[in-house]
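S.K.: Following this line is structure_12.tsv, made up of TSV, C-alpha atoms:
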```
chain	number	residue	atom	x	y	z
Z	1	MET	CA	-173.56	37.40	-71.28
Z	2	THR	CA	-176.68	37.69	-69.17
Z	3	ILE	CA	-177.57	36.83	-65.61
Z	4	ALA	CA	-179.18	33.61	-66.91
Z	5	THR	CA	-175.90	32.60	-68.56
Z	6	PHE	CA	-173.94	33.24	-65.39
Z	7	SER	CA	-176.54	31.41	-63.30
Z	8	ALA	CA	-176.38	28.40	-65.60
Z	9	ALA	CA	-172.58	28.39	-65.40
Z	10	MET	CA	-172.79	28.48	-61.59
Z	11	ARG	CA	-175.18	25.49	-61.56
Z	12	VAL	CA	-172.86	23.52	-63.85
Z	13	CYS	CA	-169.90	24.36	-61.61
Z	14	ASP	CA	-171.78	23.27	-58.48
Z	15	PRO	CA	-175.52	22.46	-58.48
Z	16	GLU	CA	-175.86	23.68	-54.89
Z	17	LEU	CA	-174.34	27.03	-55.86
Z	18	GLY	CA	-177.42	27.98	-57.89
Z	19	GLU	CA	-179.78	27.12	-55.04
Z	20	HIS	CA	-177.58	28.99	-52.56
Z	21	ALA	CA	-177.60	32.08	-54.80
Z	22	ALA	CA	-181.41	31.95	-55.10
Z	23	ARG	CA	-181.88	31.71	-51.32
Z	24	VAL	CA	-179.39	34.50	-50.65
Z	25	SER	CA	-181.18	36.66	-53.20
Z	26	LEU	CA	-184.62	36.08	-51.62
Z	27	HIS	CA	-183.36	36.75	-48.10
Z	28	ALA	CA	-181.36	39.82	-49.13
Z	29	GLN	CA	-184.41	41.32	-50.86
Z	30	THR	CA	-186.46	40.76	-47.71
Z	31	VAL	CA	-183.92	42.53	-45.52
Z	32	ALA	CA	-183.52	45.38	-48.03
Z	33	ARG	CA	-187.28	45.95	-47.99
Z	34	ARG	CA	-187.27	45.86	-44.18
Z	35	LEU	CA	-184.58	48.56	-44.29
Z	36	GLY	CA	-186.85	50.69	-46.50
Z	37	TRP	CA	-184.75	50.50	-49.64
Z	38	PRO	CA	-186.67	51.64	-52.75
Z	39	GLU	CA	-187.90	48.92	-55.08
Z	40	GLU	CA	-185.41	49.75	-57.85
Z	41	ARG	CA	-182.62	49.21	-55.33
Z	42	VAL	CA	-184.23	45.94	-54.20
Z	43	GLU	CA	-184.05	44.83	-57.84
Z	44	GLU	CA	-180.31	45.53	-57.76
Z	45	VAL	CA	-180.11	43.47	-54.55
Z	46	ALA	CA	-181.85	40.59	-56.34
Z	47	MET	CA	-179.37	40.65	-59.18
Z	48	GLY	CA	-176.27	41.26	-57.06
Z	49	ALA	CA	-177.17	38.53	-54.59
Z	50	ALA	CA	-177.93	36.07	-57.38
Z	51	LEU	CA	-174.48	36.74	-58.84
Z	52	HIS	CA	-172.46	37.10	-55.62
Z	53	ASP	CA	-170.61	33.79	-56.06
Z	54	VAL	CA	-170.26	33.91	-59.86
Z	55	GLY	CA	-166.47	33.97	-59.49
Z	56	LYS	CA	-166.64	30.38	-58.27
Z	57	VAL	CA	-167.06	29.28	-61.89
Z	58	ASN	CA	-163.28	29.75	-61.99
Z	59	THR	CA	-162.72	27.65	-58.85
Z	60	ARG	CA	-161.61	24.08	-59.42
Z	61	PRO	CA	-164.53	21.69	-58.74
Z	62	GLU	CA	-162.40	19.37	-56.62
Z	63	VAL	CA	-161.65	22.28	-54.30
Z	64	LEU	CA	-165.33	23.30	-54.04
Z	65	ALA	CA	-166.32	19.71	-53.26
Z	66	LYS	CA	-163.44	18.86	-50.93
Z	67	PRO	CA	-164.81	17.14	-47.82
Z	68	GLY	CA	-161.99	18.19	-45.51
Z	69	ALA	CA	-160.10	21.33	-44.60
Z	70	LEU	CA	-158.54	23.34	-47.41
Z	71	ASP	CA	-154.78	23.77	-47.51
Z	72	GLU	CA	-153.30	27.25	-47.85
Z	73	ALA	CA	-153.19	27.17	-51.67
Z	74	GLU	CA	-156.75	25.87	-51.92
Z	75	ARG	CA	-158.00	28.53	-49.49
Z	76	ALA	CA	-156.30	31.25	-51.58
Z	77	HIS	CA	-157.89	29.76	-54.71
Z	78	VAL	CA	-161.38	29.92	-53.15
Z	79	GLN	CA	-160.79	33.39	-51.72
Z	80	ALA	CA	-160.07	34.65	-55.24
Z	81	HIS	CA	-163.72	34.20	-56.22
Z	82	PRO	CA	-164.89	37.74	-55.32
Z	83	VAL	CA	-162.20	39.29	-57.53
Z	84	GLU	CA	-162.84	36.74	-60.31
Z	85	GLY	CA	-166.57	37.48	-60.08
Z	86	ALA	CA	-166.02	41.23	-60.11
Z	87	TRP	CA	-163.94	40.84	-63.26
Z	88	LEU	CA	-166.72	38.83	-64.94
Z	89	VAL	CA	-169.53	41.18	-63.88
Z	90	SER	CA	-167.67	44.40	-64.67
Z	91	GLY	CA	-167.39	43.29	-68.29
Z	92	VAL	CA	-171.18	43.40	-68.75
Z	93	SER	CA	-172.61	46.91	-68.57
Z	94	SER	CA	-176.11	45.74	-67.57
Z	95	LEU	CA	-174.67	43.85	-64.58
Z	96	ARG	CA	-172.32	46.51	-63.19
Z	97	SER	CA	-174.67	47.38	-60.32
Z	98	ALA	CA	-173.96	43.85	-59.01
Z	99	LEU	CA	-170.28	44.70	-58.55
Z	100	PRO	CA	-170.35	45.74	-54.84
Z	101	PHE	CA	-172.31	42.60	-53.94
Z	102	VAL	CA	-169.89	40.35	-55.80
Z	103	LEU	CA	-166.64	41.98	-54.73
Z	104	PHE	CA	-167.33	42.80	-51.07
Z	105	HIS	CA	-169.53	39.99	-49.67
Z	106	HIS	CA	-166.62	38.39	-47.77
Z	107	GLU	CA	-165.40	41.58	-46.11
Z	108	ARG	CA	-165.83	41.76	-42.35
Z	109	TRP	CA	-167.01	44.68	-40.22
Z	110	ASP	CA	-163.81	44.33	-38.14
Z	111	GLY	CA	-161.55	44.45	-41.23
Z	112	GLY	CA	-160.57	40.78	-41.14
Z	113	GLY	CA	-162.26	39.79	-44.39
Z	114	TYR	CA	-161.19	39.56	-48.01
Z	115	PRO	CA	-160.34	40.54	-50.73
Z	116	THR	CA	-159.61	44.14	-49.65
Z	117	GLY	CA	-159.61	44.02	-45.84
Z	118	ARG	CA	-161.92	47.04	-45.62
Z	119	ALA	CA	-163.66	47.66	-42.30
Z	120	GLY	CA	-166.89	49.20	-41.08
Z	121	ALA	CA	-168.55	51.76	-43.32
Z	122	GLU	CA	-165.60	51.53	-45.76
Z	123	ILE	CA	-167.31	48.36	-46.99
Z	124	PRO	CA	-170.14	49.20	-49.38
Z	125	ILE	CA	-173.49	48.50	-47.74
Z	126	GLU	CA	-174.30	45.97	-50.48
Z	127	GLY	CA	-171.37	43.83	-49.38
Z	128	ARG	CA	-172.25	44.25	-45.71
Z	129	LEU	CA	-175.83	43.12	-46.38
Z	130	LEU	CA	-174.69	40.07	-48.31
Z	131	ALA	CA	-172.11	39.16	-45.67
Z	132	VAL	CA	-174.96	38.59	-43.20
Z	133	VAL	CA	-177.37	36.83	-45.54
Z	134	ASP	CA	-174.69	34.71	-47.23
Z	135	ALA	CA	-173.31	33.57	-43.87
Z	136	PHE	CA	-176.77	32.58	-42.61
Z	137	ASP	CA	-177.47	30.49	-45.70
Z	138	ALA	CA	-174.00	28.94	-45.63
Z	139	MET	CA	-174.41	28.00	-41.98
Z	140	THR	CA	-177.87	26.46	-42.47
Z	141	SER	CA	-176.93	24.49	-45.59
Z	142	PRO	CA	-174.89	21.29	-45.67
Z	143	ARG	CA	-171.43	21.68	-47.14
Z	144	PRO	CA	-168.99	18.97	-48.28
Z	145	TYR	CA	-166.84	19.68	-45.23
Z	146	ARG	CA	-169.59	19.90	-42.56
Z	147	ALA	CA	-173.25	19.33	-41.76
Z	148	ALA	CA	-175.71	22.21	-41.68
Z	149	LEU	CA	-176.12	24.05	-38.40
Z	150	ALA	CA	-179.52	24.20	-36.78
Z	151	VAL	CA	-181.28	27.48	-37.49
Z	152	ASP	CA	-181.14	28.51	-33.82
Z	153	GLU	CA	-177.36	28.01	-33.82
Z	154	ALA	CA	-176.97	30.10	-36.98
Z	155	LEU	CA	-179.11	32.90	-35.55
Z	156	GLU	CA	-177.06	32.86	-32.34
Z	157	GLU	CA	-173.88	33.07	-34.43
Z	158	LEU	CA	-175.21	36.11	-36.33
Z	159	GLU	CA	-176.06	37.79	-33.05
Z	160	ARG	CA	-172.71	36.87	-31.47
Z	161	CYS	CA	-170.74	38.15	-34.46
Z	162	ALA	CA	-172.67	41.42	-34.90
Z	163	GLY	CA	-170.11	44.20	-34.57
Z	164	GLY	CA	-167.22	41.81	-35.29
Z	165	GLN	CA	-167.76	39.92	-38.49
Z	166	PHE	CA	-171.04	41.62	-39.40
Z	167	ASP	CA	-172.38	45.16	-39.56
Z	168	PRO	CA	-174.40	45.24	-36.32
Z	169	ASP	CA	-177.32	47.15	-37.84
Z	170	LEU	CA	-177.66	44.75	-40.75
Z	171	ALA	CA	-177.32	41.70	-38.52
Z	172	ARG	CA	-180.11	43.11	-36.32
Z	173	ALA	CA	-182.26	43.77	-39.39
Z	174	PHE	CA	-181.84	40.16	-40.52
Z	175	LEU	CA	-182.65	38.86	-37.04
Z	176	ALA	CA	-185.75	41.09	-36.87
Z	177	ALA	CA	-186.87	39.81	-40.28
Z	178	TRP	CA	-186.44	36.25	-39.00
Z	179	GLU	CA	-188.43	37.00	-35.83
Z	180	ALA	CA	-191.21	38.56	-37.93
Z	181	GLY	CA	-191.41	35.41	-40.07
Z	182	GLU	CA	-190.21	37.24	-43.17
Z	183	VAL	CA	-187.19	34.93	-43.65
Z	184	ALA	CA	-187.40	31.15	-43.64
Z	185	VAL	CA	-185.03	28.35	-44.59
Z	186	ASP	CA	-187.65	26.40	-46.52
Z	187	LEU	CA	-188.78	29.05	-49.02
Z	188	PRO	CA	-189.66	27.77	-52.49
Z	189	LEU	CA	-186.99	28.85	-54.93
Z	190	VAL	CA	-188.21	30.97	-57.80
Z	191	ALA	CA	-186.44	33.19	-60.27
Z	192	THR	CA	-185.60	36.45	-58.56
Z	193	VAL	CA	-184.48	38.54	-61.52
```
Translate this structure into structure tokens?
M.R.:
Amino acid sequence: MTIATFSAAMRVCDPELGEHAARVSLHAQTVARRLGWPEERVEEVAMGAALHDVGKVNTRPEVLAKPGALDEAERAHVQAHPVEGAWLVSGVSSLRSALPFVLFHHERWDGGGYPTGRAGAEIPIEGRLLAVVDAFDAMTSPRPYRAALAVDEALEELERCAGGQFDPDLARAFLAAWEAGEVAVDLPLVATV
């Protein structure tokens, strides 16, 4: 399997999922460059971010598209996607560098995330970066269960949650990239890997 195969499977599972992955990948690359990461590492960011939600191919479509609140079983089903994705990615040697992005993007700086409940620097930086970027895109995109937030509201939420949900340094880096005009919600989507 290749990244193109996984990307196609994600689009079949949920057409918005492919667009979300592309936006997250573009934004994550921007922040990684702002942080001074070398270009070969930025390429890993592109791939890892593009695949971060690949485990959702194993999530029932009716759960992904549910317009209301999830019940406990449905929430557990959705929260399994990082582990499911890690299992898929770890089976392909050329995609293994995507593993920390896939497995840890729902961890929280304060330890309240999933699937491992790691906190602070125990969370690989790849997961901490994606936690910020993924949350911003999720907040500014319409979902079956809620309308998109205004960009200003999403930026305020990132700032408010820095040091709680998000690594404060990475949240600040994202906000600085936004202020500098390096991140935008209306970027044209192009292949990132």
S.K.: By how many Å are atom CA of Z:Gly163 and atom CA of Z:Ala49 apart?
M.R.: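 If I compute the distance from atom CA of Z:Gly163 to atom CA of Z:Ala49, I get 22.0 Å.
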S.K.: Please compute the atom CA of Z:Tyr145-atom CA of Z:Glu19 distance, one decimal, in Å.
M.R.: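 According to the coordinates, atom CA of Z:Tyr145 and atom CA of Z:Glu19 are separated by 17.9 Å.
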S.K.: Nearest residue to Z:Glu126 out of Z:Phe166, Z:Phe104, Z:Trp87, Z:Trp178, using all atoms listed in the file?
M.R.: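 Nearest candidate to Z:Glu126 out of Z:Phe166, Z:Phe104, Z:Trp87, Z:Trp178: Z:Phe104.
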S.K.: In terms of the shortest atom-to-atom distance over all atoms listed in the file, which of Z:Gly164, Z:Gly120, Z:Gly48, Z:Pro144 is closest to Z:Val63?
M.R.: Z:Pro144
S.K.: If we count all atoms listed in the file, what is near Z:Ala28 at a cut-off of 9 Å, once residues fewer than 3 positions away on the same chain are taken out, given as a list in words?
M.R.: Arg23, Val24, Ser25, Val31, Ala32, Arg33, Val42, Val45, Ala46, Ala49, Leu129, Leu130, Val132, Val133, Asp134 and Phe174 of chain Z
S.K.: Z:Arg143, Z:Arg172, Z:Lys56, Z:Lys66: which is nearest Z:Glu157, counting all atoms listed in the file?
M.R.: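 Checking each candidate against Z:Glu157, we get Z:Arg172 as the closest.
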S.K.: Could you work out how far atom CA of Z:Ala138 lies from atom CA of Z:Ala184, giving the answer in Å with one decimal?
M.R.: 13.7 Å
S.K.: Excluding Z:Thr59 and its own-chain neighbours fewer than 5 positions away, which residues fall within 8 Å of it when counting only C-alpha atoms? Please give them as a count of residues only.
M.R.: 4
S.K.: Can you pull out every residue within 12 Å of Z:Glu159, counting only C-alpha atoms, but drop anything in the same chain fewer than 5 positions away, and send it as a list in words?
M.R.: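 Result of the neighbour search: Val132, Ala135, Phe136, Asp152, Glu153, Ala154, Gly164, Gln165, Phe166, Asp167, Pro168, Asp169, Leu170, Ala171, Arg172, Ala173, Phe174, Leu175 and Ala176 of chain Z.
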S.K.: Which residue is closest to Z:Phe101? Choose from Z:Glu44, Z:Glu72, Z:Asp137, Z:Glu122 and count all atoms listed in the file.
M.R.: Z:Glu44
S.K.: Within 6 Å of Z:His106, counting all atoms listed in the file, which residues show up once you throw out same-chain ones fewer than 5 positions away? Write them as a short mmCIF file (atom, residue, chain, number, x, y, z; two decimals) with C-alpha atoms, in the coordinates of the input, please.
M.R.:
```cif
data_model
loop_
_atom_site.label_atom_id
_atom_site.label_comp_id
_atom_site.auth_asym_id
_atom_site.auth_seq_id
_atom_site.Cartn_x
_atom_site.Cartn_y
_atom_site.Cartn_z
CA GLY Z 113 -162.26 39.79 -44.39
CA TYR Z 114 -161.19 39.56 -48.01
CA ALA Z 131 -172.11 39.16 -45.67
#
```
S.K.: Have a look at Z:Gly68, Z:Gly91, Z:Pro124, Z:Pro115 and name the one nearest to Z:Ala147; count all atoms listed in the file.
M.R.: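 The closest residue to Z:Ala147 is Z:Gly68.
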S.K.: Taking only C-alpha atoms into account, name the residue in Z:Ile125, Z:Ala119, Z:Leu17, Z:Met47 that is nearest to Z:Ser94.
M.R.: Z:Met47
S.K.: For stretch 87-98 of chain Z, supply all heavy atoms and report the output as a short mmCIF file (atom, residue, chain, number, x, y, z; two decimals), in the frame of the given file.
M.R.:
```cif
data_model
loop_
_atom_site.label_atom_id
_atom_site.label_comp_id
_atom_site.auth_asym_id
_atom_site.auth_seq_id
_atom_site.Cartn_x
_atom_site.Cartn_y
_atom_site.Cartn_z
N TRP Z 87 -164.47 40.74 -61.90
CA TRP Z 87 -163.94 40.84 -63.26
C TRP Z 87 -165.00 40.41 -64.28
O TRP Z 87 -165.22 41.09 -65.29
CB TRP Z 87 -162.67 39.98 -63.39
CG TRP Z 87 -162.08 40.01 -64.76
CD1 TRP Z 87 -161.29 41.00 -65.29
CD2 TRP Z 87 -162.24 39.03 -65.78
NE1 TRP Z 87 -160.96 40.69 -66.58
CE2 TRP Z 87 -161.53 39.49 -66.91
CE3 TRP Z 87 -162.92 37.82 -65.85
CZ2 TRP Z 87 -161.48 38.76 -68.10
CZ3 TRP Z 87 -162.87 37.09 -67.02
CH2 TRP Z 87 -162.15 37.57 -68.13
N LEU Z 88 -165.69 39.31 -64.01
CA LEU Z 88 -166.72 38.83 -64.94
C LEU Z 88 -167.88 39.83 -65.05
O LEU Z 88 -168.32 40.17 -66.15
CB LEU Z 88 -167.27 37.48 -64.47
CG LEU Z 88 -166.33 36.28 -64.59
CD1 LEU Z 88 -166.88 35.09 -63.83
CD2 LEU Z 88 -166.11 35.93 -66.06
N VAL Z 89 -168.37 40.29 -63.91
CA VAL Z 89 -169.53 41.18 -63.88
C VAL Z 89 -169.20 42.55 -64.47
O VAL Z 89 -170.01 43.13 -65.19
CB VAL Z 89 -170.05 41.31 -62.43
CG1 VAL Z 89 -171.04 42.44 -62.29
CG2 VAL Z 89 -170.68 40.00 -61.98
N SER Z 90 -168.01 43.06 -64.19
CA SER Z 90 -167.67 44.40 -64.67
C SER Z 90 -167.58 44.46 -66.19
O SER Z 90 -167.67 45.54 -66.77
CB SER Z 90 -166.36 44.87 -64.05
OG SER Z 90 -165.27 44.11 -64.51
N GLY Z 91 -167.45 43.33 -66.83
CA GLY Z 91 -167.39 43.29 -68.29
C GLY Z 91 -168.74 43.35 -68.97
O GLY Z 91 -168.81 43.39 -70.20
N VAL Z 92 -169.83 43.37 -68.19
CA VAL Z 92 -171.18 43.40 -68.75
C VAL Z 92 -171.88 44.64 -68.20
O VAL Z 92 -172.20 44.70 -67.02
CB VAL Z 92 -171.97 42.11 -68.38
CG1 VAL Z 92 -173.35 42.13 -69.02
CG2 VAL Z 92 -171.20 40.86 -68.77
N SER Z 93 -172.09 45.61 -69.05
CA SER Z 93 -172.61 46.91 -68.57
C SER Z 93 -173.93 46.76 -67.82
O SER Z 93 -174.15 47.45 -66.82
CB SER Z 93 -172.74 47.90 -69.72
OG SER Z 93 -173.65 47.43 -70.68
N SER Z 94 -174.81 45.88 -68.24
CA SER Z 94 -176.11 45.74 -67.57
C SER Z 94 -176.01 45.08 -66.20
O SER Z 94 -176.97 45.09 -65.43
CB SER Z 94 -177.08 44.93 -68.45
OG SER Z 94 -176.58 43.62 -68.64
N LEU Z 95 -174.85 44.53 -65.87
CA LEU Z 95 -174.67 43.85 -64.58
C LEU Z 95 -173.77 44.62 -63.62
O LEU Z 95 -173.52 44.17 -62.51
CB LEU Z 95 -174.09 42.45 -64.80
CG LEU Z 95 -174.88 41.50 -65.68
CD1 LEU Z 95 -174.16 40.15 -65.79
CD2 LEU Z 95 -176.30 41.31 -65.16
N ARG Z 96 -173.30 45.78 -64.02
CA ARG Z 96 -172.32 46.51 -63.19
C ARG Z 96 -172.84 46.87 -61.81
O ARG Z 96 -172.06 46.97 -60.86
CB ARG Z 96 -171.81 47.73 -63.92
CG ARG Z 96 -170.87 47.32 -65.04
CD ARG Z 96 -169.92 48.40 -65.46
NE ARG Z 96 -169.14 47.90 -66.59
CZ ARG Z 96 -169.22 48.39 -67.81
NH1 ARG Z 96 -170.00 49.41 -68.08
NH2 ARG Z 96 -168.48 47.87 -68.77
N SER Z 97 -174.16 47.05 -61.65
CA SER Z 97 -174.67 47.38 -60.32
C SER Z 97 -174.50 46.21 -59.34
O SER Z 97 -174.61 46.38 -58.14
CB SER Z 97 -176.13 47.82 -60.38
OG SER Z 97 -176.96 46.77 -60.84
N ALA Z 98 -174.20 45.02 -59.86
CA ALA Z 98 -173.96 43.85 -59.01
C ALA Z 98 -172.55 43.86 -58.42
O ALA Z 98 -172.27 43.11 -57.48
CB ALA Z 98 -174.18 42.56 -59.81
#
```
